[in-house]
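Coordinates from protein.cif are shown below (mmCIF, C-alpha atoms).
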data_query
#
loop_
_atom_site.label_atom_id
_atom_site.label_comp_id
_atom_site.auth_asym_id
_atom_site.auth_seq_id
_atom_site.Cartn_x
_atom_site.Cartn_y
_atom_site.Cartn_z
CA MET A 1 34.37 2.80 -9.57
CA GLU A 2 32.50 -0.52 -9.61
CA THR A 3 33.33 -0.98 -5.93
CA LYS A 4 31.83 2.41 -5.05
CA ILE A 5 28.63 1.65 -7.01
CA GLY A 6 28.43 -1.75 -5.33
CA ASN A 7 28.69 -0.11 -1.92
CA ILE A 8 25.64 2.02 -2.72
CA PHE A 9 23.41 -0.61 -4.34
CA LYS A 10 23.71 -3.26 -1.66
CA GLY A 11 21.30 -6.10 -1.15
CA ASP A 12 19.36 -8.30 -3.53
CA LYS A 13 19.93 -7.21 -7.13
CA VAL A 14 16.59 -8.56 -8.38
CA ILE A 15 14.66 -6.38 -5.93
CA TRP A 16 16.78 -3.41 -7.03
CA MET A 17 15.84 -4.13 -10.66
CA VAL A 18 12.13 -4.44 -9.82
CA PHE A 19 12.32 -1.17 -7.88
CA PHE A 20 13.99 0.73 -10.71
CA PHE A 21 11.57 -0.64 -13.33
CA LEU A 22 8.65 0.52 -11.18
CA CYS A 23 10.30 3.95 -10.78
CA ILE A 24 10.78 4.30 -14.54
CA ILE A 25 7.15 3.33 -15.18
CA SER A 26 6.09 5.75 -12.45
CA ILE A 27 7.97 8.72 -13.94
CA VAL A 28 6.64 8.07 -17.46
CA GLU A 29 3.03 7.50 -16.39
CA VAL A 30 2.89 10.31 -13.83
CA TYR A 31 4.21 12.70 -16.48
CA SER A 32 1.53 11.45 -18.87
CA ALA A 33 -1.33 11.34 -16.35
CA SER A 34 -0.74 14.74 -14.73
CA SER A 35 -2.49 16.78 -17.41
CA GLN A 36 -4.96 18.24 -14.91
CA LEU A 37 -2.12 19.33 -12.61
CA THR A 38 -0.35 20.76 -15.66
CA TYR A 39 -3.47 22.74 -16.59
CA LYS A 40 -3.87 24.11 -13.06
CA GLY A 41 -0.20 24.93 -12.56
CA GLY A 42 0.57 26.12 -16.07
CA SER A 43 3.75 24.03 -16.37
CA TYR A 44 4.25 20.74 -18.19
CA LEU A 45 7.32 19.75 -16.21
CA ALA A 46 6.44 20.94 -12.69
CA PRO A 47 4.40 17.84 -11.62
CA VAL A 48 6.93 15.30 -12.90
CA ILE A 49 9.90 17.28 -11.55
CA LYS A 50 8.28 17.28 -8.11
CA HIS A 51 7.60 13.56 -8.44
CA VAL A 52 11.20 12.83 -9.45
CA GLY A 53 12.38 14.88 -6.49
CA ILE A 54 10.21 12.84 -4.11
CA LEU A 55 11.52 9.60 -5.66
CA ALA A 56 15.09 10.87 -5.20
CA ILE A 57 14.39 11.54 -1.51
CA GLY A 58 12.81 8.09 -1.27
CA ILE A 59 15.86 6.42 -2.83
CA PHE A 60 18.12 8.27 -0.39
CA CYS A 61 16.00 7.10 2.55
CA MET A 62 16.00 3.59 1.11
CA ILE A 63 19.81 3.52 0.89
CA VAL A 64 20.04 4.74 4.48
CA THR A 65 17.56 2.08 5.61
CA LEU A 66 19.31 -0.81 3.85
CA ASN A 67 22.47 0.02 5.82
CA ILE A 68 20.63 -0.41 9.13
CA GLY A 69 20.94 -3.79 10.83
CA CYS A 70 17.86 -5.81 11.77
CA ARG A 71 18.55 -5.50 15.49
CA TYR A 72 18.04 -1.73 15.27
CA PHE A 73 14.57 -2.27 13.78
CA LYS A 74 13.69 -4.13 16.98
CA ILE A 75 14.96 -1.27 19.14
CA ALA A 76 12.83 1.22 17.22
CA THR A 77 9.58 -0.77 17.66
CA PRO A 78 8.29 0.76 20.95
CA PHE A 79 9.14 4.31 19.84
CA LEU A 80 7.38 3.81 16.50
CA LEU A 81 4.30 2.39 18.26
CA ILE A 82 4.04 5.45 20.52
CA PHE A 83 4.60 7.79 17.57
CA SER A 84 2.02 5.99 15.41
CA ILE A 85 -0.72 5.99 18.05
CA ALA A 86 -0.06 9.65 18.94
CA THR A 87 -0.18 10.84 15.33
CA LEU A 88 -3.27 8.75 14.52
CA LEU A 89 -5.06 10.42 17.44
CA TRP A 90 -3.74 13.77 16.24
CA VAL A 91 -5.14 13.31 12.73
CA ILE A 92 -8.61 12.56 14.14
CA ILE A 93 -8.57 15.62 16.39
CA ALA A 94 -6.84 18.19 14.17
CA GLY A 95 -6.06 16.56 10.84
CA HIS A 96 -6.14 18.18 7.40
CA SER A 97 -9.08 17.12 5.21
CA THR A 98 -8.73 16.20 1.53
CA ASN A 99 -11.60 14.75 -0.55
CA GLY A 100 -13.74 14.44 2.57
CA ALA A 101 -11.20 12.43 4.60
CA MET A 102 -8.93 13.69 7.37
CA ARG A 103 -5.76 11.67 6.78
CA TRP A 104 -2.95 14.26 6.87
CA ILE A 105 -1.15 16.15 9.60
CA SER A 106 1.70 18.65 9.52
CA LEU A 107 4.79 18.13 11.66
CA LEU A 108 7.74 20.53 11.43
CA GLY A 109 6.33 21.83 8.16
CA ILE A 110 6.06 18.34 6.63
CA GLN A 111 2.61 17.02 5.73
CA PHE A 112 2.19 13.24 5.89
CA GLN A 113 -0.30 10.45 6.52
CA PRO A 114 0.22 8.78 9.93
CA SER A 115 -1.47 5.64 8.62
CA GLU A 116 1.48 5.01 6.27
CA ILE A 117 3.91 4.92 9.19
CA ALA A 118 1.45 2.95 11.35
CA LYS A 119 1.22 0.20 8.73
CA GLY A 120 4.94 -0.54 8.78
CA THR A 121 5.03 -0.20 12.57
CA LEU A 122 2.30 -2.81 13.02
CA ILE A 123 4.09 -5.19 10.64
CA LEU A 124 7.31 -4.65 12.60
CA ALA A 125 5.64 -5.30 15.96
CA THR A 126 3.82 -8.40 14.67
CA ALA A 127 7.05 -9.87 13.27
CA GLN A 128 8.82 -9.24 16.58
CA ILE A 129 6.06 -10.90 18.63
CA LEU A 130 5.88 -13.95 16.37
CA SER A 131 9.66 -14.40 16.31
CA ALA A 132 10.05 -13.99 20.08
CA MET A 133 7.37 -16.59 20.85
CA GLN A 134 8.30 -19.35 18.41
CA THR A 135 8.45 -22.93 19.70
CA PRO A 136 9.32 -26.20 17.93
CA LEU A 137 5.58 -26.74 17.40
CA GLY A 138 4.85 -23.23 16.16
CA ALA A 139 4.04 -19.90 17.77
CA ASP A 140 3.00 -19.90 21.41
CA LYS A 141 -0.72 -19.39 21.88
CA ASN A 142 -0.08 -16.17 23.79
CA ALA A 143 1.49 -14.63 20.67
CA PHE A 144 -2.01 -14.35 19.20
CA ASN A 145 -3.20 -12.34 22.21
CA TYR A 146 -0.21 -10.00 22.13
CA ILE A 147 -0.75 -9.30 18.42
CA LEU A 148 -4.39 -8.42 19.07
CA ILE A 149 -3.31 -6.09 21.89
CA VAL A 150 -0.94 -4.27 19.52
CA CYS A 151 -3.59 -4.11 16.77
CA LEU A 152 -6.31 -2.83 19.09
CA PRO A 153 -5.17 0.83 19.33
CA ILE A 154 -3.95 1.08 15.71
CA ILE A 155 -6.53 -0.62 13.46
CA PRO A 156 -9.62 1.25 14.76
CA LEU A 157 -7.83 4.61 14.56
CA ILE A 158 -6.95 3.95 10.91
CA MET A 159 -10.44 2.61 10.18
CA VAL A 160 -12.16 5.87 11.18
CA GLU A 161 -10.76 7.73 8.16
CA ASN A 162 -9.40 4.98 5.90
CA LEU A 163 -11.44 1.79 5.99
CA SER A 164 -9.73 0.15 3.01
CA THR A 165 -6.25 0.63 4.51
CA ALA A 166 -7.41 -0.90 7.81
CA VAL A 167 -8.89 -3.92 6.01
CA LEU A 168 -5.75 -4.48 3.93
CA LEU A 169 -3.58 -4.21 7.04
CA CYS A 170 -5.74 -6.79 8.82
CA VAL A 171 -5.35 -9.16 5.86
CA VAL A 172 -1.55 -8.77 5.91
CA VAL A 173 -1.35 -9.38 9.68
CA PHE A 174 -3.55 -12.46 9.27
CA PHE A 175 -1.22 -13.85 6.58
CA MET A 176 1.77 -13.12 8.81
CA MET A 177 0.18 -15.15 11.61
CA ILE A 178 -0.31 -18.03 9.18
CA ILE A 179 3.36 -17.82 8.14
CA GLY A 180 4.36 -17.47 11.80
CA ARG A 181 2.54 -20.75 12.59
CA VAL A 182 -0.07 -19.36 14.96
CA PRO A 183 -2.41 -22.23 16.01
CA MET A 184 -5.10 -22.74 13.38
CA ARG A 185 -7.77 -22.95 16.06
CA GLN A 186 -7.07 -19.36 17.08
CA LEU A 187 -6.96 -18.21 13.47
CA GLY A 188 -10.29 -19.93 12.80
CA LYS A 189 -11.91 -18.11 15.72
CA LEU A 190 -10.44 -14.82 14.54
CA LEU A 191 -11.76 -15.42 11.04
CA GLY A 192 -15.23 -16.11 12.39
CA ILE A 193 -15.19 -12.96 14.52
CA ALA A 194 -13.92 -10.98 11.53
CA VAL A 195 -16.81 -12.19 9.37
CA MET A 196 -19.29 -11.17 12.07
CA ALA A 197 -17.59 -7.77 12.39
CA VAL A 198 -17.78 -7.23 8.63
CA VAL A 199 -21.48 -8.09 8.63
CA CYS A 200 -22.14 -5.69 11.53
CA ALA A 201 -20.07 -2.94 9.90
CA PHE A 202 -21.93 -3.45 6.62
CA ALA A 203 -25.27 -3.20 8.45
CA ILE A 204 -24.19 0.01 10.23
CA ILE A 205 -23.01 1.57 6.96
CA MET A 206 -26.24 0.69 5.16
CA LEU A 207 -28.39 1.96 8.04
CA LEU A 208 -26.58 5.18 8.92
CA GLY A 209 -25.14 6.08 5.52
CA LYS A 210 -26.84 7.98 2.73
CA ASP A 211 -26.38 7.01 -0.90
CA ASN A 212 -24.94 10.09 -2.61
CA SER A 213 -23.92 8.25 -5.77
CA ASN A 214 -26.47 10.14 -7.88
CA THR A 215 -25.47 13.65 -6.86
CA ASP A 216 -24.69 16.25 -9.46
CA PRO A 217 -20.90 16.76 -9.55
CA ASN A 218 -21.41 20.35 -10.73
CA LYS A 219 -22.79 21.26 -7.29
CA THR A 220 -20.56 21.72 -4.29
CA LEU A 221 -20.88 19.82 -1.03
CA THR A 222 -21.95 23.04 0.72
CA GLU A 223 -24.92 23.43 -1.66
CA TYR A 224 -26.11 19.92 -0.89
CA VAL A 225 -25.73 20.47 2.86
CA ASP A 226 -27.70 23.70 2.64
CA ALA A 227 -30.41 21.95 0.61
CA GLY A 228 -30.66 19.20 3.22
CA LYS A 229 -29.79 16.41 0.77
CA ILE A 230 -26.51 15.63 2.50
CA GLU A 231 -26.07 15.86 6.25
CA ASP A 232 -23.20 18.01 7.48
CA ARG A 233 -20.30 15.61 8.11
CA ALA A 234 -18.92 17.76 10.88
CA ASN A 235 -22.03 16.95 12.97
CA ARG A 236 -21.69 13.20 12.56
CA GLY A 237 -18.47 12.61 14.50
CA VAL A 238 -16.63 9.42 13.62
CA PHE A 239 -19.47 8.37 11.30
CA HIS A 240 -18.89 11.15 8.78
CA ARG A 241 -17.39 8.67 6.30
CA VAL A 242 -20.35 6.27 6.17
CA ASP A 243 -21.96 8.21 3.31
CA THR A 244 -18.86 7.73 1.17
CA TRP A 245 -18.59 4.05 2.07
CA LYS A 246 -22.28 3.40 1.31
CA SER A 247 -22.07 5.25 -2.02
CA ARG A 248 -19.08 3.16 -3.10
CA ILE A 249 -20.77 -0.07 -2.04
CA MET A 250 -23.96 0.84 -3.89
CA LYS A 251 -22.05 1.79 -7.03
CA PHE A 252 -20.16 -1.50 -6.96
CA ALA A 253 -23.34 -3.50 -6.31
CA LYS A 254 -25.15 -1.79 -9.22
CA ASN A 255 -22.42 -2.71 -11.69
CA GLU A 256 -24.85 -3.60 -14.47
CA GLU A 257 -24.17 -3.97 -18.17
CA LEU A 258 -25.70 -0.85 -19.73
CA ASP A 259 -26.06 0.35 -23.24
CA PRO A 260 -23.20 2.80 -23.92
CA ALA A 261 -25.75 5.48 -24.81
CA LYS A 262 -27.31 5.17 -21.33
CA VAL A 263 -24.10 5.55 -19.37
CA ASP A 264 -24.10 8.80 -17.38
CA LEU A 265 -20.50 9.97 -17.12
CA ASN A 266 -21.50 12.60 -14.56
CA VAL A 267 -22.85 10.08 -12.04
CA ASP A 268 -19.78 7.84 -11.81
CA ALA A 269 -17.05 9.65 -13.68
CA GLN A 270 -14.06 7.82 -12.24
CA ARG A 271 -15.31 4.29 -12.91
CA SER A 272 -16.77 5.22 -16.29
CA HIS A 273 -13.64 6.91 -17.61
CA ALA A 274 -11.45 4.12 -16.22
CA ASN A 275 -13.53 1.61 -18.18
CA ILE A 276 -13.25 3.77 -21.30
CA ALA A 277 -9.48 3.96 -20.86
CA ILE A 278 -9.20 0.18 -20.64
CA ALA A 279 -11.62 -0.47 -23.52
CA SER A 280 -9.92 2.04 -25.80
CA SER A 281 -6.47 0.52 -25.34
CA ASN A 282 -7.19 -1.95 -28.17
CA ILE A 283 -5.00 -4.58 -26.47
CA VAL A 284 -1.72 -3.10 -27.76
CA GLY A 285 -2.21 0.33 -26.16
CA LYS A 286 -1.95 3.86 -27.55
CA GLY A 287 1.67 4.35 -26.57
CA PRO A 288 3.26 6.30 -23.69
CA GLY A 289 1.94 9.85 -23.45
CA ASN A 290 -1.05 9.27 -25.73
CA SER A 291 -3.76 8.77 -23.11
CA VAL A 292 -7.06 10.55 -23.66
CA GLU A 293 -8.89 9.67 -20.45
CA ARG A 294 -6.20 11.27 -18.28
CA ASP A 295 -7.97 14.56 -18.98
CA PHE A 296 -11.20 13.27 -17.43
CA LEU A 297 -10.03 11.07 -14.54
CA SER A 298 -9.60 13.23 -11.45
CA GLN A 299 -7.16 10.73 -9.90
CA ALA A 300 -5.47 9.58 -13.09
CA PHE A 301 -2.01 10.09 -11.58
CA SER A 302 -2.88 8.33 -8.30
CA ASP A 303 -5.75 5.91 -7.61
CA PHE A 304 -6.48 5.16 -11.29
CA ILE A 305 -2.99 5.26 -12.75
CA TYR A 306 -3.25 1.54 -13.59
CA ALA A 307 -6.12 2.33 -15.99
CA ILE A 308 -3.87 4.88 -17.72
CA ILE A 309 -1.08 2.28 -17.88
CA ILE A 310 -3.46 -0.13 -19.63
CA GLU A 311 -4.67 2.58 -22.01
CA GLU A 312 -1.14 3.53 -23.04
CA MET A 313 0.78 0.24 -22.72
CA GLY A 314 -1.96 -2.27 -23.43
CA ILE A 315 -2.43 -5.71 -21.95
CA VAL A 316 1.30 -6.46 -22.15
CA GLY A 317 2.11 -3.40 -20.06
CA ALA A 318 -0.61 -4.24 -17.54
CA ILE A 319 0.69 -7.80 -17.13
CA ALA A 320 4.28 -6.56 -16.89
CA VAL A 321 3.46 -4.18 -14.03
CA ALA A 322 1.53 -6.87 -12.13
CA PHE A 323 4.38 -9.33 -12.76
CA LEU A 324 6.89 -6.92 -11.19
CA TYR A 325 4.97 -6.99 -7.91
CA ILE A 326 4.73 -10.78 -8.05
CA ILE A 327 8.50 -10.98 -8.56
CA LEU A 328 8.95 -8.72 -5.54
CA LEU A 329 6.82 -11.05 -3.41
CA PHE A 330 8.47 -14.29 -4.51
CA ARG A 331 11.97 -12.84 -4.34
CA THR A 332 11.29 -11.66 -0.80
CA GLY A 333 10.04 -15.16 0.02
CA ARG A 334 13.33 -16.56 -1.19
CA ILE A 335 15.23 -14.07 0.97
CA ALA A 336 13.09 -14.99 3.98
CA ASN A 337 13.83 -18.66 3.35
CA ARG A 338 17.56 -17.93 3.64
CA CYS A 339 17.25 -16.13 6.97
CA GLU A 340 18.50 -18.02 10.01
CA ASN A 341 16.29 -16.05 12.42
CA THR A 342 12.53 -15.78 12.23
CA PHE A 343 12.27 -12.03 12.87
CA PRO A 344 13.92 -10.76 9.65
CA ALA A 345 12.09 -13.43 7.64
CA LEU A 346 8.67 -12.45 9.03
CA PHE A 347 9.40 -8.73 8.79
CA ALA A 348 10.48 -8.97 5.15
CA MET A 349 7.46 -11.08 4.20
CA GLY A 350 5.12 -8.70 6.03
CA LEU A 351 6.44 -5.67 4.16
CA ALA A 352 6.31 -7.48 0.81
CA LEU A 353 2.74 -8.64 1.47
CA LEU A 354 1.80 -5.09 2.43
CA LEU A 355 3.12 -3.62 -0.83
CA VAL A 356 1.84 -6.38 -3.10
CA THR A 357 -1.61 -6.64 -1.50
CA GLN A 358 -2.14 -2.89 -1.89
CA ALA A 359 -0.92 -3.05 -5.50
CA LEU A 360 -3.25 -5.91 -6.41
CA PHE A 361 -6.19 -4.16 -4.74
CA ASN A 362 -5.45 -0.95 -6.66
CA MET A 363 -5.40 -2.94 -9.90
CA CYS A 364 -8.71 -4.62 -9.05
CA VAL A 365 -10.30 -1.20 -8.43
CA ALA A 366 -9.00 0.12 -11.75
CA VAL A 367 -10.47 -2.78 -13.74
CA GLY A 368 -13.76 -2.79 -11.82
CA LEU A 369 -13.26 -5.90 -9.68
CA ALA A 370 -13.42 -4.02 -6.35
CA PRO A 371 -15.19 -0.94 -4.97
CA VAL A 372 -13.47 2.40 -5.48
CA THR A 373 -11.10 3.26 -2.62
CA GLY A 374 -8.25 5.66 -2.03
CA GLN A 375 -5.45 3.11 -2.40
CA PRO A 376 -2.63 4.29 -4.70
CA LEU A 377 -0.37 1.95 -6.64
CA PRO A 378 2.78 1.58 -4.49
CA LEU A 379 5.97 3.04 -6.02
CA VAL A 380 4.06 4.01 -9.20
CA SER A 381 1.31 6.47 -8.25
CA LYS A 382 2.17 10.10 -7.66
CA GLY A 383 2.51 10.65 -3.94
CA GLY A 384 4.35 12.49 -1.21
CA THR A 385 5.37 10.89 2.04
CA SER A 386 3.61 7.64 1.05
CA THR A 387 6.12 7.19 -1.78
CA ILE A 388 9.05 7.90 0.56
CA ILE A 389 7.74 5.46 3.17
CA ASN A 390 7.23 2.75 0.54
CA CYS A 391 10.86 3.27 -0.48
CA ILE A 392 11.84 2.80 3.16
CA TYR A 393 9.90 -0.48 3.22
CA VAL A 394 11.88 -1.69 0.19
CA GLY A 395 15.07 -0.53 1.92
CA ALA A 396 14.22 -2.67 4.95
CA ILE A 397 13.75 -5.71 2.69
CA LEU A 398 17.12 -5.00 1.05
CA SER A 399 18.73 -4.71 4.49
CA ILE A 400 17.39 -8.13 5.40
CA SER A 401 18.58 -9.53 2.07
CA ARG A 402 22.11 -8.36 2.88
CA SER A 403 22.29 -10.23 6.19
CA ALA A 404 20.55 -13.31 4.78
CA LYS A 405 22.94 -13.43 1.82
CA LYS A 406 25.96 -13.04 4.08
CA LYS A 407 24.87 -15.89 6.35
CA GLN A 408 24.19 -18.10 3.36
CA PHE A 409 27.63 -17.28 1.97
CA ASP A 410 29.25 -18.10 5.30
CA LYS A 411 27.54 -21.48 5.33
CA GLU A 412 28.77 -22.30 1.84
CA GLU A 413 32.30 -21.24 2.75
CA LEU A 414 32.25 -23.54 5.77
CA LYS A 415 31.14 -26.45 3.61
CA LYS A 416 33.88 -26.08 1.00
CA PRO A 417 36.91 -27.21 3.13
CA ARG A 418 34.96 -30.17 4.45
CA LEU A 419 34.03 -31.17 0.92
CA ALA A 420 37.68 -30.86 -0.20
CA VAL A 421 38.89 -33.04 2.67
CA ALA A 422 36.26 -35.61 1.82
CA LEU A 423 37.42 -35.71 -1.81
CA VAL A 424 41.04 -36.12 -0.76
CA VAL A 425 40.21 -38.98 1.57
#
Taking this structure as input, can you express it in the form of structure tokens?
Amino acid sequence: METKIGNIFKGDKVIWMVFFFLCIISIVEVYSASSQLTYKGGSYLAPVIKHVGILAIGIFCMIVTLNIGCRYFKIATPFLLIFSIATLLWVIIAGHSTNGAMRWISLLGIQFQPSEIAKGTLILATAQILSAMQTPLGADKNAFNYILIVCLPIIPLIMVENLSTAVLLCVVVFFMMIIGRVPMRQLGKLLGIAVMAVVCAFAIIMLLGKDNSNTDPNKTLTEYVDAGKIEDRANRGVFHRVDTWKSRIMKFAKNEELDPAKVDLNVDAQRSHANIAIASSNIVGKGPGNSVERDFLSQAFSDFIYAIIIEEMGIVGAIAVAFLYIILLFRTGRIANRCENTFPALFAMGLALLLVTQALFNMCVAVGLAPVTGQPLPLVSKGGTSTIINCIYVGAILSISRSAKKKQFDKEELKKPRLAVALVV
């Protein structure tokens, strides 16, 4: 029996433990934070049962992935690149819109976000380029150019509808180039160009965007378009998201300390109720299932689930969740250090950085340290295909941990006879 269980749960046991702890927290908090879905659907168990089902599918995909060898990831790279670019173009042309953003498409009856697949694909391609062009003095200077060529068709397509995801992906790729020993001179130039691009993008957003942060949430978008207060997004092409970006920037920039009596919960409901959830936790928390602000936060089970975690589990719970992601990152670093080849090491670190960076950014948004974005908390927030794909990412790390552990074991076995002979002599 133990052998059969061991054959299923292969790979690094610490990462398995972190994964299961995050899944348990996810099930408890999604069940607690889905009160609005419960009210709409009329069933207390329906949202959490659906979430558990998605996690079960994700675990199955993860187990399948961890049994795939690293060399097969390399073979899949060109096919995944073609698929990612094609679906990203598809979502811009004929994507499904939710909350003002076209991020979803339907394929064979399955609705998913192409950006989730594109993120892992870009990490995979970057790791392959850096590993193939390593020299004793670091990565060849042409590796930098090849990475930019791969990023060029993917990053802008993601940026059109999901600016925060594109920025986070750029940060992860930049860290991967640092780990992959890309010449610092090239990285310095890239950083300078990136700063200039951010300044230009900020200027475009502030010039073309309209600040809709003070709109009345009781009115629909159609009423504002008809009144001429908000321009029809359909007539603005790729710039239809600038209003949302400017509103979020303005809200974050106006983060002033106000008298509680002057706070207008209708103007910035998400941020206000997230702050109330954190403040009302009283350090120790209210206990699982006892959240109050879940009834007022529209994305309590997704983007702002960390605020609900703090409200219910207190500071200790908040630190524990953050610590799980840090363990995942450092444990993956240890696995990468054991790898003999650079590709699995870079690929594992890229995936871990992707998950942890998104998690930390989600936490910063929840506590008011970053502008509001649509980034869920990986493996914790309620999701569909994004949860399954994150499970696949963890499965890829576990697959790499298996091969790294085996090679390390083989090395130790080779050393033992030599050590015994030395002792005898």
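Those residues positioned at most 8 Å from (3.8, 10.3, -9.9) are A:Ser26, A:Ile27, A:Glu29, A:Val30, A:Tyr31, A:Ser34, A:Pro47, A:Val48, A:His51, A:Val52, A:Phe301, A:Ser302, A:Val380, A:Ser381, A:Lys382, A:Gly383, judged using only C-alpha atoms.
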Would you translate the PyMOL selection byres ((chain A and resi 130) around 10) into the concrete set of residues it matches in this file, as a PDB file with C-alpha atoms, in the coordinates of the input?
ATOM      1  CA  ALA A 125       5.640  -5.300  15.960  1.00  0.00           C
ATOM      2  CA  THR A 126       3.820  -8.400  14.670  1.00  0.00           C
ATOM      3  CA  ALA A 127       7.050  -9.870  13.270  1.00  0.00           C
ATOM      4  CA  GLN A 128       8.820  -9.240  16.580  1.00  0.00           C
ATOM      5  CA  ILE A 129       6.060 -10.900  18.630  1.00  0.00           C
ATOM      6  CA  SER A 131       9.660 -14.400  16.310  1.00  0.00           C
ATOM      7  CA  ALA A 132      10.050 -13.990  20.080  1.00  0.00           C
ATOM      8  CA  MET A 133       7.370 -16.590  20.850  1.00  0.00           C
ATOM      9  CA  GLN A 134       8.300 -19.350  18.410  1.00  0.00           C
ATOM     10  CA  THR A 135       8.450 -22.930  19.700  1.00  0.00           C
ATOM     11  CA  GLY A 138       4.850 -23.230  16.160  1.00  0.00           C
ATOM     12  CA  ALA A 139       4.040 -19.900  17.770  1.00  0.00           C
ATOM     13  CA  ASP A 140       3.000 -19.900  21.410  1.00  0.00           C
ATOM     14  CA  ASN A 142      -0.080 -16.170  23.790  1.00  0.00           C
ATOM     15  CA  ALA A 143       1.490 -14.630  20.670  1.00  0.00           C
ATOM     16  CA  PHE A 144      -2.010 -14.350  19.200  1.00  0.00           C
ATOM     17  CA  TYR A 146      -0.210 -10.000  22.130  1.00  0.00           C
ATOM     18  CA  ILE A 147      -0.750  -9.300  18.420  1.00  0.00           C
ATOM     19  CA  MET A 176       1.770 -13.120   8.810  1.00  0.00           C
ATOM     20  CA  MET A 177       0.180 -15.150  11.610  1.00  0.00           C
ATOM     21  CA  ILE A 179       3.360 -17.820   8.140  1.00  0.00           C
ATOM     22  CA  GLY A 180       4.360 -17.470  11.800  1.00  0.00           C
ATOM     23  CA  ARG A 181       2.540 -20.750  12.590  1.00  0.00           C
ATOM     24  CA  VAL A 182      -0.070 -19.360  14.960  1.00  0.00           C
ATOM     25  CA  THR A 342      12.530 -15.780  12.230  1.00  0.00           C
ATOM     26  CA  PHE A 343      12.270 -12.030  12.870  1.00  0.00           C
ATOM     27  CA  LEU A 346       8.670 -12.450   9.030  1.00  0.00           C
ATOM     28  CA  PHE A 347       9.400  -8.730   8.790  1.00  0.00           C
TER      29      PHE A 347
END
Given the choices A:Ala197, A:Ile158, A:Phe21, A:Lys10, which gets closest to Ile327 (chain A) if the distance is worked out from all atoms listed in the file? A:Phe21
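Rounded to one decimal, CA of Ile49 (chain A) and CA of Cys23 (chain A) lie 13.4 Å from each other.
Candidate residues A:Ile63, A:Leu148, A:Val372, A:Val321 were compared for distance to Leu163 (chain A), and the nearest is A:Val372, using only C-alpha atoms.
Closest approach to Val356 (chain A) from the set A:Met62, A:Ile283, A:Val91, A:Leu329 is made by A:Leu329, with distances taken over all atoms listed in the file.
Separating CA of Leu297 (chain A) from CA of Val316 (chain A) is a distance of 22.2 Å.
Here CA of Val292 (chain A) is placed at a distance of 18.6 Å from CA of Leu45 (chain A).
Distances here use all atoms listed in the file; by that measure, the residue among A:Thr385, A:Thr332, A:Ser84, A:Ser164 closest to Ala370 (chain A) is A:Ser164.
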Shell of 8 Å around Ser32 (chain A), all atoms listed in the file, local chain residues under 2 positions omitted, as a count of residues only: 10
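Counting all atoms listed in the file, the residue from A:Leu80, A:Met196, A:Ile309, A:Leu124 that sits nearest to Ala396 (chain A) is A:Leu124.
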I need the residue set behind the PyMOL selection byres ((chain A and resi 314) around 6) for this file; please write it as a ChimeraX atom specification. /A:281,283-285,310-313,315-317
Output of the above residues as a PDB file, in the coordinates of the input, restricted to C-alpha atoms:
ATOM      1  CA  SER A 281      -6.470   0.520 -25.340  1.00  0.00           C
ATOM      2  CA  ILE A 283      -5.000  -4.580 -26.470  1.00  0.00           C
ATOM      3  CA  VAL A 284      -1.720  -3.100 -27.760  1.00  0.00           C
ATOM      4  CA  GLY A 285      -2.210   0.330 -26.160  1.00  0.00           C
ATOM      5  CA  ILE A 310      -3.460  -0.130 -19.630  1.00  0.00           C
ATOM      6  CA  GLU A 311      -4.670   2.580 -22.010  1.00  0.00           C
ATOM      7  CA  GLU A 312      -1.140   3.530 -23.040  1.00  0.00           C
ATOM      8  CA  MET A 313       0.780   0.240 -22.720  1.00  0.00           C
ATOM      9  CA  ILE A 315      -2.430  -5.710 -21.950  1.00  0.00           C
ATOM     10  CA  VAL A 316       1.300  -6.460 -22.150  1.00  0.00           C
ATOM     11  CA  GLY A 317       2.110  -3.400 -20.060  1.00  0.00           C
TER      12      GLY A 317
END
Can you turn the PyMOL selection byres ((chain A and resi 122) around 9) into a concrete residue list for this file, as a compact mmCIF listing (two decimals) with C-alpha atoms, in the coordinates of the input?
# COMPACT_ATOMS: atom_id res chain seq x y z
CA THR A 77 9.58 -0.77 17.66
CA LEU A 81 4.30 2.39 18.26
CA ILE A 117 3.91 4.92 9.19
CA ALA A 118 1.45 2.95 11.35
CA LYS A 119 1.22 0.20 8.73
CA GLY A 120 4.94 -0.54 8.78
CA THR A 121 5.03 -0.20 12.57
CA ILE A 123 4.09 -5.19 10.64
CA LEU A 124 7.31 -4.65 12.60
CA ALA A 125 5.64 -5.30 15.96
CA THR A 126 3.82 -8.40 14.67
CA ALA A 127 7.05 -9.87 13.27
CA ILE A 147 -0.75 -9.30 18.42
CA VAL A 150 -0.94 -4.27 19.52
CA CYS A 151 -3.59 -4.11 16.77
CA ILE A 154 -3.95 1.08 15.71
CA LEU A 169 -3.58 -4.21 7.04
CA VAL A 173 -1.35 -9.38 9.68
Find the residues around Asn390 (chain A) up to 9 Å (all atoms listed in the file counted), leave out those fewer than 2 positions away in its own chain, and share them as a PyMOL selection string. chain A and resi 58+62+116+355+378-379+385-388+392-395
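Shortest separation to Ala56 (chain A) among A:Ile178, A:Asp12, A:Gln270, A:Phe20 occurs at residue A:Phe20, atoms counted being only C-alpha atoms.
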